[in-house]
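final12.csv follows; it contains CSV, C-alpha atoms.
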chain,number,residue,atom,x,y,z
D,1,MET,CA,20.5,-18.5,-46.1
D,2,PHE,CA,20.9,-21.2,-48.7
D,3,PRO,CA,18.7,-20.9,-51.8
D,4,GLY,CA,16.0,-23.2,-53.1
D,5,ALA,CA,13.2,-25.3,-51.6
D,6,ILE,CA,11.8,-28.8,-51.7
D,7,THR,CA,8.9,-27.4,-53.8
D,8,ASP,CA,11.4,-26.8,-56.6
D,9,ILE,CA,10.5,-30.4,-57.5
D,10,ALA,CA,7.5,-30.4,-59.7
D,11,GLY,CA,4.5,-32.2,-58.3
D,12,LEU,CA,5.3,-31.4,-54.6
D,13,SER,CA,3.6,-28.8,-52.4
D,14,VAL,CA,4.1,-27.9,-48.8
D,15,GLY,CA,1.7,-26.5,-46.2
D,16,HIS,CA,2.2,-25.4,-42.7
D,17,PHE,CA,-0.3,-25.2,-39.8
D,18,THR,CA,1.0,-23.1,-36.9
D,19,ASP,CA,-1.2,-23.1,-33.8
D,20,PRO,CA,-1.9,-19.5,-32.6
D,21,ARG,CA,-2.3,-20.7,-29.0
D,22,ARG,CA,1.2,-21.9,-28.4
D,23,PRO,CA,4.3,-22.6,-30.4
D,24,THR,CA,3.5,-25.9,-32.1
D,25,GLY,CA,2.2,-27.0,-35.4
D,26,CYS,CA,2.6,-29.4,-38.3
D,27,THR,CA,3.9,-29.4,-41.9
D,28,VAL,CA,2.7,-31.6,-44.8
D,29,LEU,CA,4.4,-32.5,-48.0
D,30,LEU,CA,1.7,-33.4,-50.6
D,31,CYS,CA,2.4,-35.6,-53.5
D,32,PRO,CA,-1.3,-36.6,-54.3
D,33,GLN,CA,-0.4,-38.2,-57.6
D,34,GLY,CA,1.7,-40.7,-55.7
D,35,ALA,CA,5.5,-41.0,-55.2
D,36,VAL,CA,7.9,-43.7,-54.3
D,37,ALA,CA,9.1,-43.3,-50.8
D,38,GLY,CA,11.6,-44.7,-48.2
D,39,VAL,CA,12.6,-43.9,-44.6
D,40,ASP,CA,15.6,-44.2,-42.3
D,41,VAL,CA,15.1,-43.8,-38.5
D,42,ARG,CA,18.3,-43.3,-36.7
D,43,GLY,CA,17.3,-41.8,-33.3
D,44,ALA,CA,16.6,-44.0,-30.4
D,45,ALA,CA,13.3,-42.3,-29.4
D,46,PRO,CA,11.2,-42.1,-32.5
D,47,GLY,CA,7.5,-41.4,-32.9
D,48,THR,CA,6.3,-42.5,-36.4
D,49,ARG,CA,3.4,-43.7,-38.4
D,50,GLU,CA,3.2,-46.0,-41.5
D,51,THR,CA,7.0,-46.4,-41.7
D,52,ASP,CA,6.7,-50.2,-42.1
D,53,LEU,CA,4.9,-49.7,-45.4
D,54,LEU,CA,8.1,-48.0,-46.7
D,55,HIS,CA,10.2,-51.2,-46.3
D,56,PRO,CA,11.3,-52.5,-49.7
D,57,LEU,CA,9.5,-55.8,-49.1
D,58,ALA,CA,6.2,-54.2,-48.2
D,59,THR,CA,3.6,-54.3,-51.0
D,60,LEU,CA,2.5,-50.7,-51.4
D,61,GLU,CA,4.8,-48.7,-53.8
D,62,GLN,CA,3.7,-45.1,-53.3
D,63,VAL,CA,2.7,-42.5,-50.7
D,64,HIS,CA,0.4,-39.5,-51.2
D,65,ALA,CA,1.7,-37.2,-48.4
D,66,ILE,CA,4.3,-37.1,-45.6
D,67,LEU,CA,3.6,-35.3,-42.4
D,68,LEU,CA,6.1,-33.7,-40.0
D,69,THR,CA,4.5,-32.6,-36.7
D,70,GLY,CA,5.0,-31.3,-33.2
D,71,GLY,CA,3.1,-32.5,-30.2
D,72,SER,CA,5.1,-35.7,-29.5
D,73,ALA,CA,3.1,-38.9,-30.0
D,74,PHE,CA,-0.1,-36.9,-29.6
D,75,GLY,CA,0.7,-35.1,-32.9
D,76,LEU,CA,0.4,-38.3,-34.9
D,77,ASP,CA,-3.4,-37.5,-34.8
D,78,ALA,CA,-2.7,-34.8,-37.4
D,79,ALA,CA,-2.2,-37.5,-40.0
D,80,THR,CA,-5.9,-38.3,-39.8
D,81,GLY,CA,-6.7,-34.8,-41.1
D,82,VAL,CA,-4.2,-35.2,-44.0
D,83,MET,CA,-5.9,-38.5,-44.9
D,84,ARG,CA,-9.3,-36.8,-44.8
D,85,TRP,CA,-8.2,-34.0,-47.1
D,86,LEU,CA,-6.7,-36.5,-49.6
D,87,ASP,CA,-9.8,-38.6,-49.4
D,88,GLU,CA,-12.1,-35.6,-50.1
D,89,HIS,CA,-10.0,-34.8,-53.1
D,90,GLY,CA,-10.0,-38.3,-54.5
D,91,HIS,CA,-6.4,-39.3,-53.9
D,92,GLY,CA,-5.2,-42.6,-52.6
D,93,VAL,CA,-4.5,-46.3,-53.4
D,94,GLN,CA,-7.5,-47.6,-55.3
D,95,VAL,CA,-9.3,-50.5,-53.6
D,96,GLY,CA,-12.2,-52.0,-55.4
D,97,PRO,CA,-14.6,-51.3,-57.1
D,98,VAL,CA,-16.7,-52.6,-54.2
D,99,SER,CA,-20.3,-53.7,-54.4
D,100,ARG,CA,-22.5,-54.7,-51.5
D,101,ASP,CA,-26.0,-56.1,-51.6
D,102,GLY,CA,-26.3,-55.6,-55.4
D,103,SER,CA,-25.7,-51.9,-55.1
D,104,PRO,CA,-23.7,-50.1,-57.8
D,105,SER,CA,-20.0,-50.7,-57.4
D,106,ARG,CA,-17.8,-47.9,-56.2
D,107,VAL,CA,-14.1,-47.2,-56.1
D,108,ILE,CA,-12.5,-46.7,-52.7
D,109,ARG,CA,-9.2,-44.9,-52.3
D,110,VAL,CA,-7.0,-45.1,-49.3
D,111,PRO,CA,-4.5,-42.3,-48.9
D,112,ILE,CA,-1.0,-43.4,-47.6
D,113,VAL,CA,0.4,-40.8,-45.2
D,114,PRO,CA,3.6,-41.7,-43.3
D,115,ALA,CA,4.4,-39.3,-40.4
D,116,ALA,CA,7.0,-38.5,-37.8
D,117,VAL,CA,6.8,-36.4,-34.6
D,118,LEU,CA,9.1,-34.2,-32.6
D,119,PHE,CA,8.8,-33.3,-28.9
D,120,ASP,CA,7.8,-29.7,-28.2
D,121,LEU,CA,5.5,-30.1,-25.2
D,122,TRP,CA,7.6,-28.0,-22.8
D,123,VAL,CA,7.0,-24.8,-24.8
D,124,GLY,CA,3.6,-23.4,-23.7
D,125,ASP,CA,0.6,-25.4,-22.7
D,126,ALA,CA,1.3,-29.0,-23.4
D,127,ARG,CA,-2.4,-29.8,-23.6
D,128,ILE,CA,-2.4,-28.0,-27.0
D,129,ARG,CA,-0.9,-30.1,-29.8
D,130,PRO,CA,-1.6,-30.8,-33.5
D,131,ASP,CA,-4.7,-32.8,-34.2
D,132,ALA,CA,-6.7,-33.9,-37.2
D,133,ALA,CA,-8.0,-30.4,-37.8
D,134,ALA,CA,-4.4,-29.1,-37.8
D,135,GLY,CA,-3.4,-31.7,-40.4
D,136,PHE,CA,-6.3,-30.8,-42.6
D,137,ALA,CA,-5.5,-27.1,-42.3
D,138,ALA,CA,-1.9,-27.7,-43.4
D,139,CYS,CA,-3.2,-29.4,-46.5
D,140,GLU,CA,-5.5,-26.5,-47.2
D,141,ALA,CA,-2.5,-24.2,-47.0
D,142,ALA,CA,-0.3,-26.3,-49.2
D,143,SER,CA,1.4,-24.5,-52.1
D,144,THR,CA,4.1,-25.0,-54.7
D,145,ALA,CA,5.7,-21.7,-53.6
D,146,HIS,CA,8.8,-21.8,-51.4
D,147,PRO,CA,7.5,-22.5,-47.9
D,148,ALA,CA,8.1,-20.3,-44.9
D,149,GLN,CA,11.0,-21.2,-42.7
D,150,GLY,CA,11.8,-20.8,-39.0
D,151,ASN,CA,9.0,-20.7,-36.4
D,152,VAL,CA,6.3,-22.2,-38.5
D,153,GLY,CA,4.6,-25.6,-38.8
D,154,ALA,CA,6.5,-28.5,-37.3
D,155,GLY,CA,9.3,-26.0,-36.4
D,156,ALA,CA,7.1,-23.7,-34.3
D,157,GLY,CA,8.1,-25.1,-31.0
D,158,ALA,CA,11.4,-26.6,-31.9
D,159,SER,CA,14.6,-26.0,-29.9
D,160,VAL,CA,18.2,-27.1,-30.1
D,161,GLY,CA,21.1,-27.6,-27.7
D,162,LYS,CA,19.1,-29.3,-25.0
D,163,LEU,CA,21.7,-31.6,-23.5
D,164,PHE,CA,22.2,-29.3,-20.5
D,165,GLY,CA,18.5,-28.5,-20.2
D,166,ILE,CA,15.9,-26.3,-21.9
D,167,GLY,CA,17.1,-23.3,-19.8
D,168,ARG,CA,20.3,-23.3,-21.8
D,169,ALA,CA,18.9,-24.2,-25.2
D,170,MET,CA,18.1,-22.0,-28.2
D,171,LYS,CA,15.3,-21.8,-30.8
D,172,GLY,CA,15.2,-24.3,-33.6
D,173,GLY,CA,12.8,-24.3,-36.5
D,174,ILE,CA,12.1,-25.7,-39.9
D,175,GLY,CA,14.1,-25.1,-43.0
D,176,THR,CA,14.3,-26.1,-46.7
D,177,ALA,CA,16.9,-26.0,-49.5
D,178,SER,CA,17.4,-27.5,-53.0
D,179,LEU,CA,20.1,-28.2,-55.6
D,180,LYS,CA,19.8,-28.9,-59.3
D,181,VAL,CA,22.4,-30.8,-61.2
D,182,GLY,CA,21.7,-31.4,-64.9
D,183,ALA,CA,18.1,-32.5,-65.3
D,184,ILE,CA,17.7,-33.7,-61.7
D,185,THR,CA,16.7,-31.7,-58.6
D,186,VAL,CA,17.1,-32.7,-55.0
D,187,GLY,CA,15.5,-30.9,-52.1
D,188,ALA,CA,15.1,-31.2,-48.3
D,189,LEU,CA,12.7,-30.0,-45.7
D,190,VAL,CA,13.9,-30.4,-42.1
D,191,ALA,CA,12.3,-29.6,-38.7
D,192,VAL,CA,15.3,-29.1,-36.3
D,193,ASN,CA,14.6,-30.0,-32.7
D,194,ALA,CA,17.9,-31.6,-31.6
D,195,ILE,CA,19.5,-32.3,-28.3
D,196,GLY,CA,22.8,-31.4,-30.0
D,197,ASP,CA,24.1,-28.1,-31.4
D,198,VAL,CA,23.7,-26.9,-35.0
D,199,VAL,CA,27.1,-26.5,-36.5
D,200,ASP,CA,28.1,-24.9,-39.8
D,201,PRO,CA,30.0,-27.7,-41.6
D,202,ALA,CA,32.0,-25.1,-43.6
D,203,THR,CA,33.5,-23.5,-40.5
D,204,GLY,CA,32.9,-25.9,-37.6
D,205,ARG,CA,31.3,-22.9,-35.7
D,206,VAL,CA,28.2,-23.5,-33.5
D,207,VAL,CA,25.3,-21.6,-35.1
D,208,ALA,CA,22.7,-22.5,-32.4
D,209,GLY,CA,22.9,-24.8,-29.4
D,210,ALA,CA,23.6,-25.0,-25.7
D,211,ARG,CA,24.6,-21.7,-24.1
D,212,ALA,CA,27.3,-21.1,-21.5
D,213,ASP,CA,26.5,-19.6,-18.0
D,214,ASP,CA,26.4,-16.1,-19.4
D,215,GLY,CA,23.4,-17.0,-21.6
D,216,ARG,CA,24.9,-15.7,-24.8
D,217,THR,CA,28.1,-17.6,-25.6
D,218,PRO,CA,27.8,-21.0,-27.3
D,219,LEU,CA,28.9,-23.7,-25.0
D,220,ASP,CA,29.9,-26.2,-27.7
D,221,THR,CA,28.3,-29.3,-26.4
D,222,LEU,CA,30.8,-31.8,-27.7
D,223,ALA,CA,33.7,-29.7,-26.4
D,224,ALA,CA,32.0,-29.6,-23.0
D,225,ILE,CA,31.5,-33.4,-23.0
D,226,ILE,CA,35.2,-33.9,-23.8
D,227,ASP,CA,36.1,-31.6,-21.0
D,228,GLY,CA,34.1,-33.7,-18.6
D,229,GLN,CA,31.1,-31.4,-18.2
D,230,LEU,CA,28.0,-33.6,-18.1
D,231,PRO,CA,24.4,-32.7,-17.5
D,232,ALA,CA,23.0,-33.5,-14.1
D,233,HIS,CA,20.0,-35.3,-15.6
D,234,LEU,CA,20.1,-36.8,-19.1
D,235,MET,CA,16.7,-36.4,-20.8
D,236,ALA,CA,15.0,-39.3,-22.7
D,237,GLY,CA,12.9,-38.8,-25.8
D,238,MET,CA,12.5,-35.0,-25.6
D,239,ALA,CA,14.0,-33.8,-28.8
D,240,THR,CA,14.1,-35.2,-32.4
D,241,THR,CA,15.0,-33.8,-35.9
D,242,ILE,CA,12.7,-35.0,-38.6
D,243,GLY,CA,12.6,-34.3,-42.3
D,244,ILE,CA,12.1,-35.2,-45.9
D,245,VAL,CA,14.5,-35.4,-48.9
D,246,ALA,CA,12.9,-35.4,-52.3
D,247,THR,CA,14.0,-35.8,-55.9
D,248,ASP,CA,12.5,-35.8,-59.4
D,249,ALA,CA,14.7,-38.8,-60.3
D,250,GLN,CA,13.2,-42.2,-60.9
D,251,LEU,CA,14.0,-44.5,-58.0
D,252,THR,CA,12.9,-47.9,-56.8
D,253,LYS,CA,11.6,-48.3,-53.3
D,254,ALA,CA,14.9,-49.9,-52.2
D,255,GLN,CA,16.8,-46.9,-53.7
D,256,ALA,CA,14.5,-44.4,-51.9
D,257,ASN,CA,15.3,-46.1,-48.6
D,258,LYS,CA,19.1,-45.8,-49.4
D,259,LEU,CA,18.6,-42.2,-50.3
D,260,ALA,CA,17.0,-41.5,-46.9
D,261,SER,CA,20.0,-43.3,-45.3
D,262,MET,CA,22.6,-41.2,-47.2
D,263,ALA,CA,20.7,-38.0,-46.4
D,264,HIS,CA,21.4,-38.6,-42.7
D,265,ASP,CA,25.0,-37.7,-43.4
D,266,GLY,CA,23.7,-34.2,-43.7
D,267,LEU,CA,22.4,-34.3,-40.2
D,268,SER,CA,25.7,-35.7,-39.0
D,269,ARG,CA,27.6,-32.8,-40.6
D,270,SER,CA,25.3,-30.1,-39.2
D,271,ILE,CA,24.1,-31.4,-35.7
D,272,ASN,CA,26.5,-32.5,-33.0
D,273,PRO,CA,25.8,-34.8,-31.2
D,274,VAL,CA,23.1,-36.4,-33.4
D,275,HIS,CA,21.1,-39.6,-33.4
D,276,THR,CA,21.2,-39.7,-29.6
D,277,ALA,CA,19.2,-41.8,-27.1
D,278,GLY,CA,16.9,-38.7,-26.6
D,279,ASP,CA,16.4,-38.0,-30.3
D,280,GLY,CA,14.0,-39.8,-32.6
D,281,ASP,CA,15.8,-38.6,-35.8
D,282,ALA,CA,14.0,-39.8,-38.9
D,283,LEU,CA,14.3,-38.8,-42.6
D,284,PHE,CA,11.9,-39.8,-45.3
D,285,ALA,CA,12.9,-39.9,-49.0
D,286,VAL,CA,10.4,-39.2,-51.9
D,287,ALA,CA,11.1,-39.8,-55.6
D,288,THR,CA,8.5,-38.4,-58.0
D,289,GLY,CA,10.3,-39.6,-61.2
D,290,GLY,CA,9.2,-36.3,-62.9
D,291,SER,CA,12.5,-35.7,-64.6
D,292,GLY,CA,12.3,-39.0,-66.5
D,293,LYS,CA,15.9,-39.7,-65.5
D,294,PRO,CA,17.0,-42.6,-63.3
D,295,GLY,CA,19.8,-40.6,-61.7
D,296,HIS,CA,22.9,-42.1,-60.1
D,297,LEU,CA,22.3,-43.1,-56.5
D,298,THR,CA,25.7,-42.2,-55.3
D,299,VAL,CA,25.4,-38.7,-56.7
D,300,LEU,CA,21.8,-38.3,-55.5
D,301,GLY,CA,22.9,-39.4,-52.0
D,302,ALA,CA,25.7,-36.8,-51.9
D,303,LEU,CA,23.3,-34.1,-53.0
D,304,ALA,CA,20.7,-35.3,-50.4
D,305,ALA,CA,23.2,-35.0,-47.6
D,306,GLU,CA,24.2,-31.5,-48.8
D,307,VAL,CA,20.7,-30.1,-49.0
D,308,THR,CA,19.8,-31.7,-45.7
D,309,ALA,CA,22.7,-29.9,-44.0
D,310,ARG,CA,21.7,-26.7,-45.8
D,311,ALA,CA,18.1,-27.0,-44.7
D,312,VAL,CA,19.2,-27.5,-41.0
D,313,LEU,CA,21.2,-24.3,-41.2
D,314,ASN,CA,18.4,-22.4,-42.8
D,315,ALA,CA,16.0,-23.6,-40.1
D,316,VAL,CA,17.9,-22.0,-37.2
D,317,ARG,CA,19.0,-18.9,-39.2
D,318,ALA,CA,15.3,-18.2,-40.0
D,319,ALA,CA,14.1,-18.8,-36.5
D,320,HIS,CA,12.9,-16.1,-34.0
D,321,GLY,CA,13.5,-16.3,-30.3
D,322,LEU,CA,10.8,-17.1,-27.7
D,323,ALA,CA,10.1,-15.3,-24.5
D,324,ASP,CA,8.5,-18.1,-22.5
D,325,PRO,CA,10.5,-20.2,-22.0
D,326,PRO,CA,13.3,-17.8,-22.9
D,327,LEU,CA,14.8,-19.3,-26.1
D,328,PRO,CA,17.0,-16.9,-28.0
D,329,CYS,CA,17.6,-17.6,-31.7
D,330,ALA,CA,20.9,-17.5,-33.6
D,331,ARG,CA,20.2,-13.9,-34.8
D,332,ASP,CA,19.6,-12.7,-31.3
D,333,LEU,CA,23.1,-13.7,-30.3
D,334,GLY,CA,24.8,-12.7,-33.5
D,335,LEU,CA,25.5,-16.3,-34.6
D,336,ALA,CA,23.4,-16.5,-37.8
I need this file expressed as structure tokens, please.
Amino acid sequence: MFPGAITDIAGLSVGHFTDPRRPTGCTVLLCPQGAVAGVDVRGAAPGTRETDLLHPLATLEQVHAILLTGGSAFGLDAATGVMRWLDEHGHGVQVGPVSRDGSPSRVIRVPIVPAAVLFDLWVGDARIRPDAAAGFAACEAASTAHPAQGNVGAGAGASVGKLFGIGRAMKGGIGTASLKVGAITVGALVAVNAIGDVVDPATGRVVAGARADDGRTPLDTLAAIIDGQLPAHLMAGMATTIGIVATDAQLTKAQANKLASMAHDGLSRSINPVHTAGDGDALFAVATGGSGKPGHLTVLGALAAEVTARAVLNAVRAAHGLADPPLPCARDLGLA
């Protein structure tokens, strides 16, 4: 396992909600003081909320939380609970003061909570998915400690290696990692639910992914495709890897968007194939500015790609297998 966590960046906290009724859940990154943010969506089947606000030409400059959630499009409801928690704690963009009918003026704050979802509805009862109460609970659980990894939060129902069907897939999960260079820290938090295999960039070896007919040997999805082995039915929109990269460097909104784009190189190194027609891969970038340093975007992007790849590997190495449907994890098959 790679060391560090996204919460090594001062001012950030992470909370998981894992539903006890079936493997699903959500994960929130809280930055209630506000942070500059960007996003890059590469997959062709995304499920997102408030991503337009992160465009460099959009007016708002900061977000107060980012939500990663299971439950497919239904899971976006969990963002309502995150907004409620932030509202109750007095965080958000100030609007007002507002006065009506001569009553005393009051300040209204509107929390900004971008979100992205992954598809996990085939694991257990699909009628159970994260809702507003789940998002609120994730906020209540948020901590600056290193967050749990594997089968928790948005990674609870995640799976990988699904190009040849869920019956030959393996367990995914959520992972985190960080690096510090000089005064600046870069971290990542990634929920890995890919159609492709998870590959160790250092060795090229499949760590988790599609399995061969014996149920234990990695198939190597790309090698199978090159060999002419194709799935009988290609799935659409039933996967997705979503995540967040964060730094304490000072960035503009345009730079945060570029950082999110460069972080996708980490997915490309560690997931193969990636950004497919059935994935909604999306990465957010958050910059707190807490270091007081502007940082060099090329260096920050290189670090973001590296910690993203490390978080992907940590996600599947920390995962535990499921019995129904049978989804072994990397440790079950001696691949971790």
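With CA of Val110 (chain D) on one side and CA of Val95 (chain D) on the other, the separation reads 7.3 Å.
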Among the residues D:Leu163, D:Ala116, D:Ala58, D:Ala158, the one that comes closest to His320 (chain D) [using all atoms listed in the file]: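 Checking each of D:Leu163, D:Ala116, D:Ala58, D:Ala158 against His320 (chain D), counting all atoms listed in the file, the winner is D:Ala158.
Interatomic distance, CA of Gly321 (chain D) against CA of Asp197 (chain D): 15.9 Å.
If all atoms listed in the file are the atoms counted, then among D:Gly237, D:Gly167, D:Gly196, D:Gly295 the closest residue to Ser270 (chain D) is D:Gly196.
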Coordinates-based distance that separates CA of Asp131 (chain D) from CA of Ala154 (chain D) (Å, one decimal):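 If I compute the distance from CA of Ala154 (chain D) to CA of Asp131 (chain D), I get 12.4 Å.
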Polymer residues at most 7 Å from Val123 (chain D), all atoms listed in the file, same-chain spacing of 2 or more positions, as a VMD selection string: chain D and resid 23 120 to 121 125 157 325
Contacts of region 36-42 of chain D within 8 Å, only C-alpha atoms, excl. fewer than 3 positions in-chain, as a list in words: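 Those residues are Pro46, Thr51, Leu54, His55, Pro56, Glu61, Gln62, Val63, Leu251, Thr252, Lys253, Ala254, Gln255, Ala256, Asn257, Lys258, Leu259, Ala260, Ser261, His275, Gly280, Asp281, Ala282, Leu283, Phe284, Ala285, Val286, Ala287 and Thr288 of chain D.
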Spatial neighbours of His233 (chain D), 9 Å, only C-alpha atoms, chain gap at least 3 places, as a list of chain:residue names: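 Returned residues: D:Leu163, D:Phe164, D:Gly165, D:Leu230.
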Nearest residue to Ala10 (chain D) from the set D:Ala194, D:Ile184, D:Cys26, D:Val316 (distances using only C-alpha atoms): D:Ile184
Minimum-distance residue to Ala330 (chain D), chosen among D:Thr308, D:Thr276, D:Ser159, D:Thr203 (using only C-alpha atoms): D:Ser159
Per residue of region 158-221 of chain D within 12 Å of region 246-250 of chain D, what are the shortest atom pair and its distance in Å to one decimal, counting all atoms listed in the file, with rows by chain and residue number, as a Markdown table?
| residue | atom | partner | partner_atom | distance |
| --- | --- | --- | --- | --- |
| D:Thr176 | CA | D:Ala246 | CA | 10.9 |
| D:Ala177 | CA | D:Ala246 | CA | 10.6 |
| D:Ser178 | CA | D:Ala246 | CA | 9.1 |
| D:Leu179 | CA | D:Thr247 | CA | 9.7 |
| D:Lys180 | CA | D:Thr247 | CA | 9.6 |
| D:Val181 | CA | D:Thr247 | CA | 11.1 |
| D:Gly182 | CA | D:Ala249 | CA | 11.2 |
| D:Ala183 | CA | D:Ala249 | CA | 8.7 |
| D:Ile184 | CA | D:Asp248 | CA | 6.1 |
| D:Thr185 | CA | D:Thr247 | CA | 5.6 |
| D:Val186 | CA | D:Thr247 | CA | 4.5 |
| D:Gly187 | CA | D:Ala246 | CA | 5.2 |
| D:Ala188 | CA | D:Ala246 | CA | 6.2 |
| D:Leu189 | CA | D:Ala246 | CA | 8.5 |
| D:Val190 | CA | D:Ala246 | CA | 11.4 |
Who sits within 10 Å of Ala115 (chain D), all atoms listed in the file, same chain under 2 positions skipped, as a list in words: Val28, Gly47, Thr48, Arg49, Glu50, Thr51, Ala65, Ile66, Leu67, Leu68, Thr69, Gly75, Leu76, Asp77, Ala78, Ala79, Ile112, Val113, Val117, Ile242, Gly243, Ala282 and Phe284 of chain D
Selected residues written out with C-alpha atoms, as an mmCIF file, in the frame of the given file:
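Output below, filename selection03.cif:
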data_model
loop_
_atom_site.group_PDB
_atom_site.id
_atom_site.type_symbol
_atom_site.label_atom_id
_atom_site.label_comp_id
_atom_site.auth_asym_id
_atom_site.auth_seq_id
_atom_site.Cartn_x
_atom_site.Cartn_y
_atom_site.Cartn_z
ATOM 1 C CA VAL D 28 2.700 -31.600 -44.800
ATOM 2 C CA GLY D 47 7.500 -41.400 -32.900
ATOM 3 C CA THR D 48 6.300 -42.500 -36.400
ATOM 4 C CA ARG D 49 3.400 -43.700 -38.400
ATOM 5 C CA GLU D 50 3.200 -46.000 -41.500
ATOM 6 C CA THR D 51 7.000 -46.400 -41.700
ATOM 7 C CA ALA D 65 1.700 -37.200 -48.400
ATOM 8 C CA ILE D 66 4.300 -37.100 -45.600
ATOM 9 C CA LEU D 67 3.600 -35.300 -42.400
ATOM 10 C CA LEU D 68 6.100 -33.700 -40.000
ATOM 11 C CA THR D 69 4.500 -32.600 -36.700
ATOM 12 C CA GLY D 75 0.700 -35.100 -32.900
ATOM 13 C CA LEU D 76 0.400 -38.300 -34.900
ATOM 14 C CA ASP D 77 -3.400 -37.500 -34.800
ATOM 15 C CA ALA D 78 -2.700 -34.800 -37.400
ATOM 16 C CA ALA D 79 -2.200 -37.500 -40.000
ATOM 17 C CA ILE D 112 -1.000 -43.400 -47.600
ATOM 18 C CA VAL D 113 0.400 -40.800 -45.200
ATOM 19 C CA VAL D 117 6.800 -36.400 -34.600
ATOM 20 C CA ILE D 242 12.700 -35.000 -38.600
ATOM 21 C CA GLY D 243 12.600 -34.300 -42.300
ATOM 22 C CA ALA D 282 14.000 -39.800 -38.900
ATOM 23 C CA PHE D 284 11.900 -39.800 -45.300
#
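Across D:Thr221, D:Val82, D:Gly266, D:Gly172, the tightest approach to Cys329 (chain D) is made by D:Gly172 when counting all atoms listed in the file.
Distance annotation: of D:Thr217, D:Thr241, D:Ser291, D:Thr144, the residue with the minimal separation from Arg168 (chain D) is D:Thr217; atom set is all atoms listed in the file.
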Residues near Arg331 (chain D), cut-off 10 Å, only C-alpha atoms, skip fewer than 3 positions along chain, as a VMD selection string: chain D and resid 207 to 208 316 to 321 328 334 to 336
